[in-house]
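The block underneath contains the structure these notes are about, expressed in structure tokens.
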Amino acid sequence: MQMPLEGRLDRFDYAIIGGGLSGLQLLLAMIGDPFFDEKKIAIIEADSDPPDKTWCFWEKGTGKWEHVMDHQWSKALFRGLNFEKVYSLSPYTYKKVSLSGLRKHVEMEVEGRNHVTWFMDRILSVVPGSTTTLVGQNLRYEALHVFDSRIEEDLDNLEGARMIWQHFLGWEIKTEAPLFDPDVFTMMDFSQVWNNQTSFTYVLPFSQREALVEYTFFTPHLVDEAVYTNMLRKYLKNTYGTTPFIIERVERGAIPMTDFTFGRSDHEGLTKIGTAGGWVKPSTGYSFKNTEKRVAELIQMIKNEHSPLHINTKPRYAFFDSLFLRVLTRDNDLGPLLFSEMYLKNSIQEIFLFLDEESSVITDLKIIASLPKVPFLKALLRHLREG
Ligand SMILES: Cc1cc2nc3c(=O)[nH]c(=O)nc-3n(C[C@H](O)[C@H](O)[C@H](O)COP(=O)(O)OP(=O)(O)OC[C@H]3O[C@@H](n4cnc5c(N)ncnc54)[C@H](O)[C@@H]3O)c2cc1C
């Protein structure tokens with residue numbers, strides 16, 4: 001890994017702004033492909049010590065991330081309104097990767113590759129031209145193509161789009177007594193709903209005495225810190241009793257769930273990636289596997305010399321996501337019922353296929369038919385009226 005040289009203008013074939021999920025996955029894909037062996041690549045990250053993040057995803061069998069995975073689960077608990085069920089995920093597994101683990105792995109992969117440079121710098125502006133210039137706090141960079149994961153939009157004011165936040169506070173706890181089954185994670189538990197809003201608890205047990213417990217909302221507005229902490233305490237007491245625990249780590253997040261068309265500032269020399277490129281699934285807030293797919297598509301486009309490098313979502317699923325967001329922005333109290341019906345009437349494998357945008361039309365229709373009709377019909381009418 002090379003260190004920045006003060007004030008120098010560095011020239012690259014490719015520059016990646018941001019060493020988060022999308023930047024790290026893109027860099028890994030580039031250095032794993034001989035096409036890029038002769039290309040000069042820069043990755044520029046502003047934060048030298050970011051708080052750790054947990055990324056989970058489901059996939060069938062063995063995937064690309066086994067060597068950085070910290071834990072996996074073969075079963076999922078869903079606790080809805082008036083029912084609860086433990087689902088066997090086979091042939092899927094639910095897997096966990098952490099930001100720190102992925103970043104360490106990428107740093108090791110980059111070591112000794114002289115064509116890749118990792119810069120600690122904050123990009124302040126981007127100047128388009130025959131090559132794209134990046135103005136950083138420490139350095140200026142020039143690249144033939146830039147991949148940019150900075151979010152530049154005002155997410156509280158996205159014109160013409162539906163938008164809710166997936167926001168949460170999680171505690172990684174260690175309990176005195178064994179409480180958890182490390183093979184079963186809790187996908188959604190609606191037993192403690194806050195103020196009739198779409199809010200639930202998500203639990204990732206790592207051992208019988210260790211788990212990440214997150215209180216999560218899918219709502220148009222954020223809440224005060226005390227709301228999450230009260231709900232976490234209440235959930236832990238009501239679900240597991242009064243066993244003492246210590247909080248070893250705190251994880252916070254606010255993920256935009258929106259049908260806004262990101263990537264509008266893409267141009268010949270720059271492609272938005274990650275959340276800023278619209279890679280987060282609007283109806284779930286998940287993006288780990290989507291990122292893997294989008295990165296593979298980008299690499300193929302680069303090799304085929306397509307320009308500009310922009311990927312569109314499949315229209316059918318974009319429409320479903322939009323309807324879902326319309327329902328939750330207007331009738332947020334319906335969330336617990338909506339998810340309960342979906343999990344009650346469909347197999348988890350069908351739901352995963354649908355959310356992965358790989359389901360057949362028949363599965364799509366079955367899942368849609370399982371959801372409460374009136375709010376979706378109203379959302380459909382609004383969609384037809386407002387576009
Ligand atoms: C706490 C949390 C947990 C999540 N859990 C999951 C999950 O379980 N599964 C899932 O699929 N998705 C999850 N998500 C959603 C999504 O996968 C993440 O938000 C993901 O990190 C998005 O990737 P990204 O590359 O767009 O952004 P990031 O990973 O945030 O990366 C952006 C990077 O750019 C850097 N940066 C910003 N500005 C500049 C600048 N001016 N110059 C240089 N660098 C800059 C930032 O420091 C950051 O490292 C989670 C999100 C959060 C916040």
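Numbering starts fresh at 1 for the residues of each chain in the structure tokens, the chains themselves are lettered A, B, ... in the order given, and ligands are numbered from 1 as they appear.
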At a cut-off of 6 Å, can you tabulate as a Markdown table every residue of chain A near ligand 1 together with its closest atom pair and the distance in Å to one decimal, using only C-alpha atoms and all ligand atoms and ordering rows by chain then number?
| residue | atom | partner | partner_atom_place_in_ligand_line | distance |
| --- | --- | --- | --- | --- |
| A:Ile17 | CA | ligand 1 | 43 (C) | 5.2 |
| A:Gly18 | CA | ligand 1 | 34 (O) | 3.3 |
| A:Gly19 | CA | ligand 1 | 49 (O) | 4.7 |
| A:Gly20 | CA | ligand 1 | 31 (O) | 3.1 |
| A:Leu21 | CA | ligand 1 | 25 (O) | 4.0 |
| A:Ser22 | CA | ligand 1 | 25 (O) | 3.7 |
| A:Gly23 | CA | ligand 1 | 25 (O) | 5.6 |
| A:Ile44 | CA | ligand 1 | 43 (C) | 5.4 |
| A:Glu45 | CA | ligand 1 | 44 (N) | 3.9 |
| A:Ala46 | CA | ligand 1 | 44 (N) | 4.0 |
| A:Asp47 | CA | ligand 1 | 47 (O) | 4.8 |
| A:Lys53 | CA | ligand 1 | 1 (C) | 4.9 |
| A:Thr54 | CA | ligand 1 | 3 (C) | 5.2 |
| A:Trp55 | CA | ligand 1 | 8 (O) | 3.4 |
| A:Cys56 | CA | ligand 1 | 8 (O) | 3.6 |
| A:Phe57 | CA | ligand 1 | 9 (N) | 5.5 |
| A:Asp121 | CA | ligand 1 | 43 (C) | 5.9 |
| A:Arg122 | CA | ligand 1 | 42 (N) | 3.6 |
| A:Ile123 | CA | ligand 1 | 42 (N) | 3.9 |
| A:Leu124 | CA | ligand 1 | 41 (N) | 5.7 |
| A:Ser149 | CA | ligand 1 | 32 (C) | 5.4 |
| A:Arg150 | CA | ligand 1 | 38 (N) | 4.8 |
| A:Glu251 | CA | ligand 1 | 1 (C) | 5.9 |
| A:Arg252 | CA | ligand 1 | 1 (C) | 5.2 |
| A:Gly253 | CA | ligand 1 | 53 (C) | 4.0 |
| A:Ala254 | CA | ligand 1 | 53 (C) | 5.7 |
| A:Ile255 | CA | ligand 1 | 53 (C) | 5.8 |
| A:Gly274 | CA | ligand 1 | 26 (O) | 3.3 |
| A:Thr275 | CA | ligand 1 | 26 (O) | 3.8 |
| A:Ala276 | CA | ligand 1 | 26 (O) | 5.9 |
| A:Gly285 | CA | ligand 1 | 15 (C) | 5.6 |
| A:Tyr286 | CA | ligand 1 | 11 (O) | 3.3 |
| A:Ser287 | CA | ligand 1 | 11 (O) | 3.7 |
| A:Phe288 | CA | ligand 1 | 11 (O) | 3.7 |
Those residues with N, CA and C atoms, as a compact mmCIF listing (two decimals), in the first residue's frame please?
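Saved result, result-v4.txt, follows:
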# COMPACT_ATOMS: atom_id res chain seq x y z
N ILE A 17 -14.04 6.51 -5.34
CA ILE A 17 -14.21 7.38 -4.17
C ILE A 17 -15.03 6.62 -3.14
N GLY A 18 -14.41 6.33 -2.00
CA GLY A 18 -15.09 5.62 -0.91
C GLY A 18 -14.68 4.17 -0.81
N GLY A 19 -14.11 3.82 0.33
CA GLY A 19 -13.73 2.42 0.60
C GLY A 19 -14.74 1.78 1.52
N GLY A 20 -16.04 1.97 1.19
CA GLY A 20 -17.11 1.27 1.93
C GLY A 20 -17.49 0.02 1.15
N LEU A 21 -18.75 -0.38 1.28
CA LEU A 21 -19.16 -1.65 0.67
C LEU A 21 -18.95 -1.68 -0.84
N SER A 22 -19.47 -0.68 -1.54
CA SER A 22 -19.38 -0.75 -3.00
C SER A 22 -17.96 -0.54 -3.49
N GLY A 23 -17.22 0.39 -2.86
CA GLY A 23 -15.84 0.65 -3.27
C GLY A 23 -14.96 -0.58 -3.05
N ILE A 44 -9.92 6.01 -2.74
CA ILE A 44 -9.73 7.17 -1.87
C ILE A 44 -10.81 7.15 -0.80
N GLU A 45 -10.40 7.00 0.44
CA GLU A 45 -11.36 6.87 1.54
C GLU A 45 -11.09 7.96 2.56
N ALA A 46 -12.17 8.60 3.04
CA ALA A 46 -12.02 9.74 3.96
C ALA A 46 -11.80 9.31 5.41
N ASP A 47 -12.33 8.15 5.78
CA ASP A 47 -12.38 7.80 7.21
C ASP A 47 -11.35 6.71 7.53
N LYS A 53 -19.47 -2.10 10.89
CA LYS A 53 -20.83 -2.31 10.38
C LYS A 53 -21.03 -3.79 10.14
N THR A 54 -22.26 -4.23 10.30
CA THR A 54 -22.60 -5.63 10.04
C THR A 54 -23.38 -5.71 8.74
N TRP A 55 -22.89 -6.48 7.80
CA TRP A 55 -23.64 -6.68 6.56
C TRP A 55 -24.08 -8.13 6.48
N CYS A 56 -25.36 -8.36 6.36
CA CYS A 56 -25.86 -9.72 6.20
C CYS A 56 -26.54 -9.87 4.86
N PHE A 57 -26.60 -11.09 4.40
CA PHE A 57 -27.26 -11.39 3.12
C PHE A 57 -27.54 -12.88 3.08
N ASP A 121 -8.00 10.29 2.16
CA ASP A 121 -8.23 11.67 1.75
C ASP A 121 -9.75 11.87 1.61
N ARG A 122 -10.19 13.09 1.76
CA ARG A 122 -11.61 13.39 1.55
C ARG A 122 -11.76 14.15 0.25
N ILE A 123 -12.54 13.62 -0.68
CA ILE A 123 -12.76 14.31 -1.95
C ILE A 123 -13.74 15.46 -1.72
N LEU A 124 -13.32 16.65 -2.15
CA LEU A 124 -14.15 17.83 -1.93
C LEU A 124 -14.96 18.19 -3.17
N SER A 149 -18.90 6.81 -4.66
CA SER A 149 -19.95 6.34 -3.73
C SER A 149 -20.41 7.43 -2.76
N ARG A 150 -20.04 8.69 -3.02
CA ARG A 150 -20.55 9.78 -2.14
C ARG A 150 -22.02 10.04 -2.49
N GLU A 251 -24.29 -0.30 17.29
CA GLU A 251 -24.32 -0.10 15.84
C GLU A 251 -25.55 0.72 15.47
N ARG A 252 -25.31 1.78 14.72
CA ARG A 252 -26.43 2.66 14.31
C ARG A 252 -26.51 2.68 12.80
N GLY A 253 -27.69 2.91 12.29
CA GLY A 253 -27.78 3.03 10.83
C GLY A 253 -29.03 3.78 10.43
N ALA A 254 -28.95 4.43 9.29
CA ALA A 254 -30.13 5.06 8.68
C ALA A 254 -29.95 4.89 7.18
N ILE A 255 -30.70 3.95 6.63
CA ILE A 255 -30.53 3.59 5.22
C ILE A 255 -31.71 4.15 4.43
N GLY A 274 -22.91 2.13 -5.34
CA GLY A 274 -23.42 1.95 -3.98
C GLY A 274 -24.77 2.63 -3.79
N THR A 275 -25.03 3.09 -2.58
CA THR A 275 -26.30 3.78 -2.29
C THR A 275 -26.47 4.93 -3.27
N ALA A 276 -25.38 5.65 -3.53
CA ALA A 276 -25.42 6.82 -4.42
C ALA A 276 -25.73 6.44 -5.87
N GLY A 285 -33.77 -2.31 1.99
CA GLY A 285 -32.58 -1.66 2.54
C GLY A 285 -31.33 -2.54 2.42
N TYR A 286 -31.48 -3.75 1.86
CA TYR A 286 -30.31 -4.61 1.67
C TYR A 286 -29.56 -4.18 0.41
N SER A 287 -28.22 -4.30 0.44
CA SER A 287 -27.49 -4.02 -0.81
C SER A 287 -26.26 -4.88 -1.00
N PHE A 288 -25.94 -5.77 -0.05
CA PHE A 288 -24.68 -6.52 -0.16
C PHE A 288 -24.64 -7.36 -1.44
Item to complete: Could you find all residues in region 220-379 of chain A that DSSP calls alpha helix (DSSP H) from the backbone, and write them as a PyMOL selection string?
Response: chain A and resi 225-240+288-303+315-330+335-345+348-355+361-369+373-379
Discussion item. Using DSSP secondary structure from the backbone, list all strand (DSSP E or B) positions within region 190-225 of chain A, as a ChimeraX atom specification.
Written reply: /A:199-205,210-219
Practice prompt. Show which residues sit within 12 Å of region 32-36 of chain A, as a list of chain:residue names. Count only C-alpha atoms, and ignore same-chain residues fewer than 2 positions away.
Written response: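 Contacts, with the query itself left out: A:Phe12, A:Asp13, A:Tyr14, A:Gln25, A:Leu26, A:Leu27, A:Leu28, A:Ala29, A:Met30, A:Glu38, A:Lys39, A:Lys40, A:Ile41, A:Lys64, A:Val106, A:Glu109, A:Val110, A:Arg113, A:His115, A:Val116, A:Ala296, A:Ile299, A:Gln300, A:Ile302, A:Lys303, A:Asn304.
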Output C-alpha atoms for every residue in the selection just made, as an mmCIF file, in the first residue's frame.
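Writing the result to selection.cif gives the following:
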data_model
loop_
_atom_site.group_PDB
_atom_site.id
_atom_site.type_symbol
_atom_site.label_atom_id
_atom_site.label_comp_id
_atom_site.auth_asym_id
_atom_site.auth_seq_id
_atom_site.Cartn_x
_atom_site.Cartn_y
_atom_site.Cartn_z
ATOM 1 C CA PHE A 12 -5.022 6.882 -12.783
ATOM 2 C CA ASP A 13 -7.022 4.746 -15.164
ATOM 3 C CA TYR A 14 -9.685 4.261 -12.485
ATOM 4 C CA GLN A 25 -16.285 -4.876 -3.648
ATOM 5 C CA LEU A 26 -15.441 -3.034 -6.868
ATOM 6 C CA LEU A 27 -11.745 -2.884 -6.013
ATOM 7 C CA LEU A 28 -11.690 -6.608 -5.148
ATOM 8 C CA ALA A 29 -13.374 -7.455 -8.444
ATOM 9 C CA MET A 30 -10.846 -5.330 -10.353
ATOM 10 C CA GLU A 38 -1.875 -3.095 -16.187
ATOM 11 C CA LYS A 39 -4.343 -0.418 -15.037
ATOM 12 C CA LYS A 40 -3.488 2.170 -12.404
ATOM 13 C CA ILE A 41 -6.217 2.166 -9.779
ATOM 14 C CA LYS A 64 -17.577 -15.436 -2.821
ATOM 15 C CA VAL A 106 -8.938 -5.870 0.833
ATOM 16 C CA GLU A 109 -5.113 -8.228 -1.248
ATOM 17 C CA VAL A 110 -3.822 -4.784 -2.246
ATOM 18 C CA ARG A 113 0.202 -4.658 -6.015
ATOM 19 C CA HIS A 115 -0.784 -0.636 -9.679
ATOM 20 C CA VAL A 116 -3.242 -0.049 -6.798
ATOM 21 C CA ALA A 296 -19.970 -7.882 -11.930
ATOM 22 C CA ILE A 299 -16.710 -4.980 -14.790
ATOM 23 C CA GLN A 300 -18.269 -6.562 -17.877
ATOM 24 C CA ILE A 302 -15.789 -1.742 -18.673
ATOM 25 C CA LYS A 303 -14.303 -4.706 -20.546
ATOM 26 C CA ASN A 304 -16.819 -4.229 -23.375
#
Could you list, with a cut-off of 8 Å and counting only C-alpha atoms, the residues of region 20-122 of chain A near region 327-343 of chain A, each shown with its nearest atom pair and the distance in Å rounded to one decimal, rows sorted by chain and ascending number, as CSV?
residue,atom,partner,partner_atom,distance
A:Phe78,CA,A:Tyr343,CA,7.5
A:Arg79,CA,A:Ser340,CA,7.9
A:Gly80,CA,A:Ser340,CA,4.8
A:Leu81,CA,A:Ser340,CA,6.1
Extract, using only C-alpha atoms, all DNA, RNA and protein residues at most 12 Å from region 129-139 of chain A, discarding same-chain residues fewer than 3 positions from it, and format them as a CSV table (one decimal) with N, CA and C atoms, in the first residue's frame.
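And here is the file that came out, out.csv:
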chain,number,residue,atom,x,y,z
A,3,MET,N,1.6,5.5,0.3
A,3,MET,CA,1.1,6.6,1.1
A,3,MET,C,1.0,7.8,0.2
A,4,PRO,N,0.1,8.7,0.5
A,4,PRO,CA,0.0,9.9,-0.4
A,4,PRO,C,1.2,10.8,-0.3
A,5,LEU,N,1.5,11.4,-1.5
A,5,LEU,CA,2.6,12.4,-1.5
A,5,LEU,C,1.9,13.8,-1.6
A,6,GLU,N,2.3,14.6,-0.6
A,6,GLU,CA,1.6,16.0,-0.4
A,6,GLU,C,1.6,16.8,-1.7
A,7,GLY,N,0.3,17.2,-2.1
A,7,GLY,CA,0.2,18.2,-3.2
A,7,GLY,C,0.4,17.7,-4.6
A,8,ARG,N,0.7,16.4,-4.8
A,8,ARG,CA,1.0,15.9,-6.1
A,8,ARG,C,-0.3,15.6,-6.9
A,9,LEU,N,-0.3,15.8,-8.2
A,9,LEU,CA,-1.4,15.4,-9.0
A,9,LEU,C,-1.1,14.0,-9.5
A,10,ASP,N,-2.0,13.0,-9.0
A,10,ASP,CA,-1.8,11.6,-9.5
A,10,ASP,C,-2.7,11.3,-10.6
A,11,ARG,N,-2.2,10.5,-11.6
A,11,ARG,CA,-3.1,10.1,-12.7
A,11,ARG,C,-3.3,8.6,-12.7
A,12,PHE,N,-4.6,8.3,-12.9
A,12,PHE,CA,-5.0,6.9,-12.8
A,12,PHE,C,-5.9,6.5,-14.0
A,13,ASP,N,-6.0,5.2,-14.2
A,13,ASP,CA,-7.0,4.7,-15.2
A,13,ASP,C,-8.4,4.8,-14.5
A,14,TYR,N,-8.4,4.3,-13.2
A,14,TYR,CA,-9.7,4.3,-12.5
A,14,TYR,C,-9.5,4.8,-11.1
A,15,ALA,N,-10.4,5.6,-10.6
A,15,ALA,CA,-10.4,6.1,-9.2
A,15,ALA,C,-11.7,5.7,-8.6
A,16,ILE,N,-11.6,5.2,-7.4
A,16,ILE,CA,-12.9,4.8,-6.6
A,16,ILE,C,-13.0,5.8,-5.4
A,17,ILE,N,-14.0,6.5,-5.3
A,17,ILE,CA,-14.2,7.4,-4.2
A,17,ILE,C,-15.0,6.6,-3.1
A,42,ALA,N,-6.8,3.9,-8.2
A,42,ALA,CA,-6.8,4.5,-6.8
A,42,ALA,C,-8.1,4.3,-6.1
A,43,ILE,N,-8.0,4.1,-4.8
A,43,ILE,CA,-9.2,4.1,-4.0
A,43,ILE,C,-8.9,5.1,-2.9
A,44,ILE,N,-9.9,6.0,-2.7
A,44,ILE,CA,-9.7,7.2,-1.9
A,44,ILE,C,-10.8,7.2,-0.8
A,45,GLU,N,-10.4,7.0,0.4
A,45,GLU,CA,-11.4,6.9,1.5
A,45,GLU,C,-11.1,8.0,2.6
A,46,ALA,N,-12.2,8.6,3.0
A,46,ALA,CA,-12.0,9.7,4.0
A,46,ALA,C,-11.8,9.3,5.4
A,119,PHE,N,-5.6,5.7,-0.8
A,119,PHE,CA,-5.3,7.1,-0.3
A,119,PHE,C,-6.3,7.3,0.9
A,120,MET,N,-5.8,7.9,2.0
A,120,MET,CA,-6.7,8.4,3.0
A,120,MET,C,-6.9,9.9,2.7
A,121,ASP,N,-8.0,10.3,2.2
A,121,ASP,CA,-8.2,11.7,1.8
A,121,ASP,C,-9.7,11.9,1.6
A,122,ARG,N,-10.2,13.1,1.8
A,122,ARG,CA,-11.6,13.4,1.6
A,122,ARG,C,-11.8,14.2,0.2
A,123,ILE,N,-12.5,13.6,-0.7
A,123,ILE,CA,-12.8,14.3,-1.9
A,123,ILE,C,-13.7,15.5,-1.7
A,124,LEU,N,-13.3,16.6,-2.2
A,124,LEU,CA,-14.1,17.8,-1.9
A,124,LEU,C,-15.0,18.2,-3.2
A,125,SER,N,-14.4,18.0,-4.4
A,125,SER,CA,-15.1,18.2,-5.6
A,125,SER,C,-14.6,17.4,-6.8
A,126,VAL,N,-15.5,17.3,-7.8
A,126,VAL,CA,-15.1,16.6,-9.0
A,126,VAL,C,-15.3,17.5,-10.2
A,142,GLU,N,-6.3,12.6,-11.0
A,142,GLU,CA,-6.9,12.6,-12.3
A,142,GLU,C,-7.1,11.2,-12.7
A,143,ALA,N,-8.3,10.9,-13.3
A,143,ALA,CA,-8.6,9.5,-13.7
A,143,ALA,C,-9.4,9.5,-15.0
A,144,LEU,N,-9.2,8.5,-15.8
A,144,LEU,CA,-10.0,8.3,-17.0
A,144,LEU,C,-11.4,8.0,-16.6
A,145,HIS,N,-11.6,7.2,-15.6
A,145,HIS,CA,-13.0,7.0,-15.1
A,145,HIS,C,-13.0,6.9,-13.6
A,146,VAL,N,-14.1,7.5,-13.0
A,146,VAL,CA,-14.2,7.6,-11.6
A,146,VAL,C,-15.5,6.8,-11.2
A,147,PHE,N,-15.4,6.1,-10.1
A,147,PHE,CA,-16.5,5.4,-9.5
A,147,PHE,C,-16.8,6.1,-8.1
A,148,ASP,N,-17.9,6.7,-8.0
A,148,ASP,CA,-18.1,7.6,-6.9
A,148,ASP,C,-19.2,7.1,-5.9
A,266,ASP,N,-24.2,10.9,-13.2
A,266,ASP,CA,-23.3,10.1,-14.0
A,266,ASP,C,-22.9,10.8,-15.3
A,267,HIS,N,-21.7,10.8,-15.8
A,267,HIS,CA,-21.3,11.3,-17.1
A,267,HIS,C,-20.3,10.4,-17.6
A,268,GLU,N,-19.8,10.8,-18.8
A,268,GLU,CA,-18.8,10.0,-19.5
A,268,GLU,C,-17.7,9.5,-18.6
A,269,GLY,N,-17.2,10.3,-17.7
A,269,GLY,CA,-16.0,10.0,-16.9
A,269,GLY,C,-16.4,9.6,-15.5
A,270,LEU,N,-17.6,9.4,-15.1
A,270,LEU,CA,-18.0,9.2,-13.7
A,270,LEU,C,-19.2,8.3,-13.6
A,271,THR,N,-19.2,7.3,-12.8
A,271,THR,CA,-20.3,6.5,-12.5
A,271,THR,C,-20.6,6.4,-11.0
Worksheet entry | Nearest residue to Leu353 (chain A) from the set A:Tyr92, A:Trp73, A:Phe217, A:Phe190 (distances using only C-alpha atoms) |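 Answer, going by the shortest atom-to-atom distance: A:Tyr92.
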Quick one: residues within 9 Å of Leu380 (chain A), only C-alpha atoms, excluding same-chain residues fewer than 4 positions away - as a JSON list (two decimals) with N, CA and C atoms, in the first residue's frame?
[["chain", "number", "residue", "atom", "x", "y", "z"],
["A", 323, "LEU", "N", -44.64, 0.66, -5.23],
["A", 323, "LEU", "CA", -45.94, 0.45, -4.59],
["A", 323, "LEU", "C", -45.77, 0.25, -3.09],
["A", 326, "ARG", "N", -45.03, 3.44, -1.43],
["A", 326, "ARG", "CA", -46.25, 4.27, -1.35],
["A", 326, "ARG", "C", -47.11, 3.86, -0.17],
["A", 375, "PRO", "N", -54.90, -1.40, 0.67],
["A", 375, "PRO", "CA", -53.83, -0.39, 0.59],
["A", 375, "PRO", "C", -53.02, -0.49, -0.69],
["A", 376, "PHE", "N", -52.83, -1.71, -1.22],
["A", 376, "PHE", "CA", -52.05, -1.83, -2.45],
["A", 376, "PHE", "C", -52.84, -1.33, -3.66],
["A", 384, "LEU", "N", -50.90, 5.32, -10.74],
["A", 384, "LEU", "CA", -51.40, 5.59, -12.09],
["A", 384, "LEU", "C", -51.73, 7.09, -12.26],
["A", 385, "ARG", "N", -52.23, 7.70, -11.17],
["A", 385, "ARG", "CA", -52.59, 9.12, -11.21],
["A", 385, "ARG", "C", -51.36, 10.02, -11.24]]
Near Tyr87 (chain A), within 8 Å and counting only C-alpha atoms, which residues show up once chain neighbours fewer than 5 positions away are dropped, as a PDB file with C-alpha atoms, in the first residue's frame?
ATOM      1  CA  LYS A  75     -32.759 -20.999  10.186  1.00  0.00           C
ATOM      2  CA  ALA A  76     -34.755 -17.797  10.622  1.00  0.00           C
ATOM      3  CA  LEU A  77     -37.446 -16.888  13.112  1.00  0.00           C
ATOM      4  CA  PHE A  78     -40.258 -14.601  12.007  1.00  0.00           C
ATOM      5  CA  ILE A 348     -39.094 -17.990   2.786  1.00  0.00           C
TER       6      ILE A 348
END
Worksheet item: For Asp181 (chain A), which residue among A:Ser74, A:Thr243, A:Thr291, A:Asn195 is the nearest when counting only C-alpha atoms?
Response: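 Going through A:Ser74, A:Thr243, A:Thr291, A:Asn195 one by one, the smallest distance to Asp181 (chain A) is for A:Ser74.
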Practice prompt. Choose the residue, out of A:Leu325, A:Arg264, A:Asp356, A:Ile31, that has the smallest atom-to-atom separation from Thr198 (chain A); count only C-alpha atoms.
Written response: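 The answer is A:Leu325, which sits nearest to Thr198 (chain A).
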Worksheet entry | Selection: 7 Å around Phe260 (chain A), only C-alpha atoms, excl. self and same-chain fewer than 2 positions, as a ChimeraX atom specification | /A:158,161-162,258,262
Worksheet entry | Atom-to-atom span, CA of Gln192 (chain A) and CA of Lys234 (chain A), Å | 8.1 Å
Worksheet item: What is the CA of Thr219 (chain A) to CA of Leu89 (chain A) distance in Å?
Response: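 These atoms are spaced 27.8 Å apart.
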